[in-house]
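Colleague: Pasting a structure below so you can have a look.
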Number of protein chains: 2
Amino acid sequence: MRTTIQDVARHAGVSVATVDRVLNGRPMVRSRTVDKVRDAMKALNYRPDIFAANLSRKRVYRFLFLLPQRRSSFMKQLTADVALAAEHFRPGRIEIETRFFEDFNGPALAATLDAVSPADHDGIAVYSLDLPGVQPALNRCVERGVKVVTLVSDLPASARAHFIGPDNVVAGRLAGRLIGRFTAGRRGNVAFIAGSMTLRDHVERHLGCEQVLRAEFPDAKLLPVVEGYDDTERTATVTRSLFDRFDAPDLMAIYSMGAGNQGLIRVMERIPRGKPVVIAHELTEHTRRALVNGTIDALLSQDTKQEVRAAVRVLQALSDNEEVEFNMERVRLDLFFPDNLP
Amino acid sequence: MRTTIQDVARHAGVSVATVDRVLNGRPMVRSRTVDKVRDAMKALNYRPDIFAANLSRKRVYRFLFLLPQRRSSFMKQLTADVALAAEHFRPGRIEIETRFFEDFNGPALAATLDAVSPADHDGIAVYSLDLPGVQPALNRCVERGVKVVTLVSDLPASARAHFIGPDNVVAGRLAGRLIGRFTAGRRGNVAFIAGSMTLRDHVERHLGCEQVLRAEFPDAKLLPVVEGYDDTERTATVTRSLFDRFDAPDLMAIYSMGAGNQGLIRVMERIPRGKPVVIAHELTEHTRRALVNGTIDALLSQDTKQEVRAAVRVLQALSDNEEVEFNMERVRLDLFFPDNLP
DNA sequence: TCACTTTTGATGTACGTTAATCAGAAATGA
DNA sequence: TCATTTCTGATTAACGTACATCAAAAGTGA
């Protein structure tokens with residue numbers, strides 16, 4: 001038999017109503033009485049029964065995921081994983097809705113954020129763009145009482161409660177280390193392809209990679225970042241122009257920090273030989289194939305399933321004003337070689 | 001308002017008891033009635049409320065973790081994580097106990113297994129040794145009706161329901177790939193240090209590493225495995241004897257497949273220069289320091305916290321004869337460089 | 001002392017499911 | 001046909017907490 005509120009009440013010499021008041025921090029209890037109850041709870045090692053509590057509370061959590069309308073494999077995967085998580089959490093009385101906004105469009109995202117009402121949603125997880133107008137709209141959300149976490153791409157200066165995503169500076173540093181070791185300290189150019197420098201995650205990856213290469217592999221010459229807008233065609237175009245400007249042996253490494261890798265891979269597969277070291281992000285059907293056939297040398301990847309679940313759990317904890325086990329919810333960064341693909 | 005069994009009962013024209021019987025697969029219901037109820041559930045999109053169900057069931061899960069008395073940092077970490085998980089799962093009515101057995105002693109483990117009674121425990125998670133007598137004892141456990149999963153080290157031919165741990169062949173392959181790339185296809189010796197070849201996980205790592213090196217880096221000469229019994233002193237001894245037999249530049253890589261890395265590190269730090277590439281397992285305070293200062297080049301690590309939780313969730317699902325989302329419960333293998341330490 | 005506020009107690013209902021018990025219907029055998 | 005057994009369905013009391021209500025007690029100030 002587990003100890004219940006009844007037992008605590010008896011032990012403390014008060015009524016269950018009072019124990020309930022103390023337990024849920026309701027007012028109208030003398031501090032002496034509070035102490036008595038607290039002591040009794042400790043003495044009996046009382047733990048509230050979450051099943052009974054949840055049943056009685058009949059609370060429903062309504063969360064909203066805001067994602068860009070982007071057609072990259074990664075975005076498709078993320079969308080699918082949100083749907084999966086919705087299924088997974090439904091029995092726990094968590095309702096998850098997804099809404100899309102026009103990509104790379106600050107006002108569109110701001111308008112979407114402004115349309116979120118605490119009457120309909122307890123919290124939102126937003127893939128945020130670092131564009132004018134977004135941050136104020138996000139802060140207004142928080143002021144209205146909606147819990148906000150940023151997902152995948154952060155807006156650190158905003159009022160969002162937390163960022164759910166990998167540490168992208170670390171990811172970049174890791175890429176830098178791999179480029180350095182795989183090129184064995186040779187002299188040559190390193191190219192950077194981002195989706196867009198309005199995406200905080202890509203900016204941070206670039207920063208981390210530069211850090212390591214500058215400090216530990218001084219013979220690597222770092223080229224300016226080019227943008228492919230996470231789009232296959234545009235990424236193919238910028239990749240082609242890289243190979244137009246540099247001979248293959250001179251271009252010793254490429255760090256692809258965003259999506260659109262299908263374009264990169266397509267161009268790379270036509271390079272006859274002297275292929276540069278390529279580090280890219282996110283495991284998708286295309287990058288997987290490229291990793292196996294040697295076009296890509298290593299893949300950094302976030303586990304989007306885990307990421308989405310972490311976002312939900314954090315939003316739930318925020319909605320209850322509870323503490324979160326952030327260590328458990330930290331999003332991990334997987335490093336894939338051909339040998340450890342899942 | 002969510003739909004309840006009351007609604008289903010009304011819709012199907014039966015009583016709640018009948019709905020409950022159908023829901024829980026109890027006998028004594030005419031198949032025509034079963035269909036009626038199933039149809040009603042589908043029509044109303046009924047989902048049982050897990051909180052109400054658990055409250056009513058008042059089921060308690062009692063699980064037992066069987067771990068070897070071994071003093072490696074990894075084992076300490078694992079033990080601590082089991083204690084943490086016990087805390088974490090307690091509100092969910094899951095009671096977790098830990099019991100230790102004398103290490104590298106088959107009869108001792110077999111005796112410990114034989115002492116497990118289904119009256120006291122619903123399931124066990126056991127770090128298993130591949131020694132005579134262990135497998136039959138484990139199978140007897142299963143026959144007695146105790147759910148069994150193997151943890152960290154498997155016994156695949158036994159009757160255990162599942163193995164909770166990383167894919168160690170994959171881990172070994174990854175190590176092989178890193179050794180190959182970091183030594184850039186040079187000619188030289190590769191040494192292997194295992195804890196013991198009675199540990200399935202170490203054997204499998206060795207297998208995977210050999211696979212890759214033999215197939216893709218033919219200039220690597222593979223030395224026979226030496227055993228350090230996951231012990232600091234004995235590992236130090238075998239490491240020293242490696243350096244006695246081979247000159248530093250000739251010994252181009254070491255793959256440490258077990259624990260006892262403190263001994264390896266201590267010896268390595270005295271090597272003046274020409275340090276071989278070192279790949280080791282498990283992130284502990286010692287291996288972390290060695291990775292940062294360059295003694296170790298890469299670290300393969302399993303997330304023991306996740307692993308223990310996965311074991312508990314799988315045991316719970318087994319106890320309920322439920323299906324498990326094994327994809328979610330697969331233990332991941334982290335690859336650490338100095339740049340991405342948590 | 002009285003009127004008033006603050007604190008506490010007693011009590012009951014609700015939450016949705018489980019499972020025991022009981023009543024009635026159907027099937028069976030003589 | 002009746003008595004008996006076997007099925008099937010209905011009713012209802014838990015499970016432990018949340019929360020509302022009302023009454024009573026304690027404390028406060030004048």
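Residue names in the structure tokens use chain letters A, B, ... in the order shown, residue numbers from 1 in each chain, and ligand numbers from 1 in the order shown.
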Considering only C-alpha atoms (C1' of nucleotides), return as a PyMOL selection string whatever protein or nucleic-acid residues lie within 6 Å of segment 167-175 of chain B, sequence-local ones (same chain, fewer than 4 positions apart) excluded.

Modeller: (chain A and resi 339-340) or (chain B and resi 201+204-206+208-209+212)

Colleague: For segment 86-90 of chain B, find every residue with an atom within 9 Å (counting only C-alpha atoms (C1' of nucleotides)), except residues of its own chain fewer than 4 positions away, and show them as an NGL selection string.

Modeller: (:A and (47)) or (:B and (81-82 or 94-97 or 309 or 312))

Colleague: Per residue of chain A within 9 Å of chain D, what are the shortest atom pair and its distance in Å to one decimal, counting only C-alpha atoms (C1' of nucleotides), with rows by chain and residue number, as CSV?

Modeller:
residue,atom,partner,partner_atom,distance
A:Thr4,CA,D:DG16,C1',6.8
A:Ile5,CA,D:DG16,C1',7.8
A:Asp20,CA,D:DA18,C1',8.0
A:Pro48,CA,D:DT17,C1',8.1
A:Asp49,CA,D:DG16,C1',6.6
A:Ile50,CA,D:DT17,C1',8.6
A:Phe51,CA,D:DG16,C1',8.2
A:Ala52,CA,D:DG16,C1',5.0
A:Ala53,CA,D:DT17,C1',4.7
A:Asn54,CA,D:DT17,C1',8.1
A:Leu55,CA,D:DT17,C1',7.9
A:Ser56,CA,D:DA18,C1',5.6
A:Arg57,CA,D:DA18,C1',6.0

Colleague: Skip Thr183 of chain B itself and residues of its chain fewer than 2 positions away, then list as a PyMOL selection string all residues within 12 Å of it, counting only C-alpha atoms (C1' of nucleotides).

Modeller: (chain A and resi 181-184) or (chain B and resi 176-181+185-190+213+217+219-220+249-254+275-279+297)

Colleague: Specify as a JSON list (two decimals) with N, CA and C atoms (P, O5', C5', C4', C3', O3' and C1' of nucleotides), in the first residue's frame all residues of chain C found within 12 Å of chain A, counting only C-alpha atoms (C1' of nucleotides).

Modeller:
[["chain", "number", "residue", "atom", "x", "y", "z"],
["C", 5, "DT", "P", -15.04, 41.45, 7.05],
["C", 5, "DT", "O5'", -13.67, 40.70, 7.31],
["C", 5, "DT", "C5'", -12.55, 41.44, 7.84],
["C", 5, "DT", "C4'", -11.44, 40.46, 8.17],
["C", 5, "DT", "C3'", -11.04, 39.53, 7.00],
["C", 5, "DT", "O3'", -9.63, 39.55, 6.87],
["C", 5, "DT", "C1'", -11.52, 38.27, 8.95],
["C", 6, "DT", "P", -8.92, 38.80, 5.64],
["C", 6, "DT", "O5'", -8.34, 37.51, 6.38],
["C", 6, "DT", "C5'", -7.54, 37.69, 7.54],
["C", 6, "DT", "C4'", -7.30, 36.35, 8.19],
["C", 6, "DT", "C3'", -6.78, 35.27, 7.22],
["C", 6, "DT", "O3'", -5.61, 34.71, 7.79],
["C", 6, "DT", "C1'", -8.60, 34.45, 8.48],
["C", 7, "DT", "P", -4.70, 33.69, 6.96],
["C", 7, "DT", "O5'", -5.22, 32.30, 7.55],
["C", 7, "DT", "C5'", -4.99, 32.03, 8.93],
["C", 7, "DT", "C4'", -5.78, 30.82, 9.34],
["C", 7, "DT", "C3'", -5.40, 29.52, 8.61],
["C", 7, "DT", "O3'", -4.86, 28.64, 9.58],
["C", 7, "DT", "C1'", -7.75, 29.74, 8.88],
["C", 8, "DT", "P", -4.22, 27.25, 9.14],
["C", 8, "DT", "O5'", -5.48, 26.29, 9.30],
["C", 8, "DT", "C5'", -5.96, 25.99, 10.61],
["C", 8, "DT", "C4'", -7.23, 25.20, 10.51],
["C", 8, "DT", "C3'", -7.09, 23.86, 9.78],
["C", 8, "DT", "O3'", -7.19, 22.83, 10.77],
["C", 8, "DT", "C1'", -9.11, 24.98, 9.24],
["C", 9, "DG", "P", -7.19, 21.29, 10.34],
["C", 9, "DG", "O5'", -8.76, 21.07, 10.22],
["C", 9, "DG", "C5'", -9.59, 21.38, 11.33],
["C", 9, "DG", "C4'", -10.99, 20.85, 11.06],
["C", 9, "DG", "C3'", -11.02, 19.43, 10.49],
["C", 9, "DG", "O3'", -12.01, 18.70, 11.19],
["C", 9, "DG", "C1'", -12.19, 20.93, 9.04],
["C", 10, "DA", "P", -12.18, 17.13, 10.95],
["C", 10, "DA", "O5'", -13.51, 17.15, 10.09],
["C", 10, "DA", "C5'", -14.59, 17.99, 10.47],
["C", 10, "DA", "C4'", -15.73, 17.83, 9.48],
["C", 10, "DA", "C3'", -15.86, 16.42, 8.90],
["C", 10, "DA", "O3'", -17.22, 16.04, 8.99],
["C", 10, "DA", "C1'", -15.69, 18.03, 7.16],
["C", 11, "DT", "P", -17.67, 14.58, 8.53],
["C", 11, "DT", "O5'", -18.09, 14.86, 7.04],
["C", 11, "DT", "C5'", -18.93, 15.99, 6.76],
["C", 11, "DT", "C4'", -19.09, 16.13, 5.26],
["C", 11, "DT", "C3'", -19.15, 14.80, 4.50],
["C", 11, "DT", "O3'", -20.42, 14.71, 3.89],
["C", 11, "DT", "C1'", -17.81, 16.40, 3.38],
["C", 13, "DT", "P", -22.18, 13.45, -3.16],
["C", 13, "DT", "O5'", -21.61, 13.96, -4.56],
["C", 13, "DT", "C5'", -21.59, 15.36, -4.85],
["C", 13, "DT", "C4'", -20.58, 15.62, -5.93],
["C", 13, "DT", "C3'", -20.54, 14.54, -7.01],
["C", 13, "DT", "O3'", -20.57, 15.18, -8.27],
["C", 13, "DT", "C1'", -18.38, 14.90, -6.16],
["C", 14, "DA", "P", -20.89, 14.31, -9.58],
["C", 14, "DA", "O5'", -19.54, 14.46, -10.40],
["C", 14, "DA", "C5'", -18.89, 15.73, -10.48],
["C", 14, "DA", "C4'", -17.46, 15.48, -10.91],
["C", 14, "DA", "C3'", -17.31, 14.36, -11.94],
["C", 14, "DA", "O3'", -16.77, 14.89, -13.13],
["C", 14, "DA", "C1'", -15.72, 14.15, -10.17],
["C", 15, "DC", "P", -16.93, 14.07, -14.49],
["C", 15, "DC", "O5'", -15.45, 13.56, -14.76],
["C", 15, "DC", "C5'", -14.32, 14.39, -14.58],
["C", 15, "DC", "C4'", -13.09, 13.54, -14.47],
["C", 15, "DC", "C3'", -13.22, 12.20, -15.20],
["C", 15, "DC", "O3'", -12.68, 12.35, -16.51],
["C", 15, "DC", "C1'", -12.13, 12.00, -13.05],
["C", 16, "DG", "P", -13.54, 11.79, -17.78],
["C", 16, "DG", "O5'", -13.03, 10.29, -17.83],
["C", 16, "DG", "C5'", -11.67, 10.05, -18.13],
["C", 16, "DG", "C4'", -11.35, 8.61, -17.86],
["C", 16, "DG", "C3'", -12.24, 7.62, -18.63],
["C", 16, "DG", "O3'", -11.38, 6.72, -19.27],
["C", 16, "DG", "C1'", -12.21, 7.10, -16.31],
["C", 17, "DT", "P", -11.87, 5.40, -20.02],
["C", 17, "DT", "O5'", -11.43, 4.31, -18.97],
["C", 17, "DT", "C5'", -10.06, 4.23, -18.64],
["C", 17, "DT", "C4'", -9.83, 3.27, -17.51],
["C", 17, "DT", "C3'", -10.21, 1.82, -17.82],
["C", 17, "DT", "O3'", -9.04, 1.04, -17.69],
["C", 17, "DT", "C1'", -11.05, 2.51, -15.69]]

Colleague: Neighbours of segment 255-272 of chain B within 9 Å (only C-alpha atoms (C1' of nucleotides); same-chain residues fewer than 5 positions away dropped), as a PyMOL selection string?

Modeller: chain B and resi 72-75+172+175-176+179+190-196+201-203+205-206+209+227-240+243+248+277-282+286-287+290+295-296

Colleague: At a cut-off of 10 Å, using only C-alpha atoms (C1' of nucleotides), what residues contact Thr150 of chain B? Leave out same-chain residues fewer than 5 positions from it and give the result as a list in words.

Modeller: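 Close residues of Thr150 of chain B: Phe65, Leu66, Ile124, Ala125, Val126, Tyr127, Ser128, Leu129, Leu138, Leu155, Pro156, Ser158, Arg160, Ala161, His162, Phe163, Ile164, Gly165 and Ala311 of chain B.
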
Colleague: Please return, as an MDAnalysis selection string, all residues of segment 92-324 of chain A that DSSP assigns to helix (DSSP H, G or I) on the basis of the backbone.

Modeller: chainID A and resid 92 106:114 134:143 168:182 200:216 232:245 261:268 285:293 304:319

Colleague: Looking at only C-alpha atoms, which of B:Pro218, B:Gly274, B:Pro91, B:Pro107 is the one that sits closest to chain A?

Modeller: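 Closest candidate: B:Pro91.
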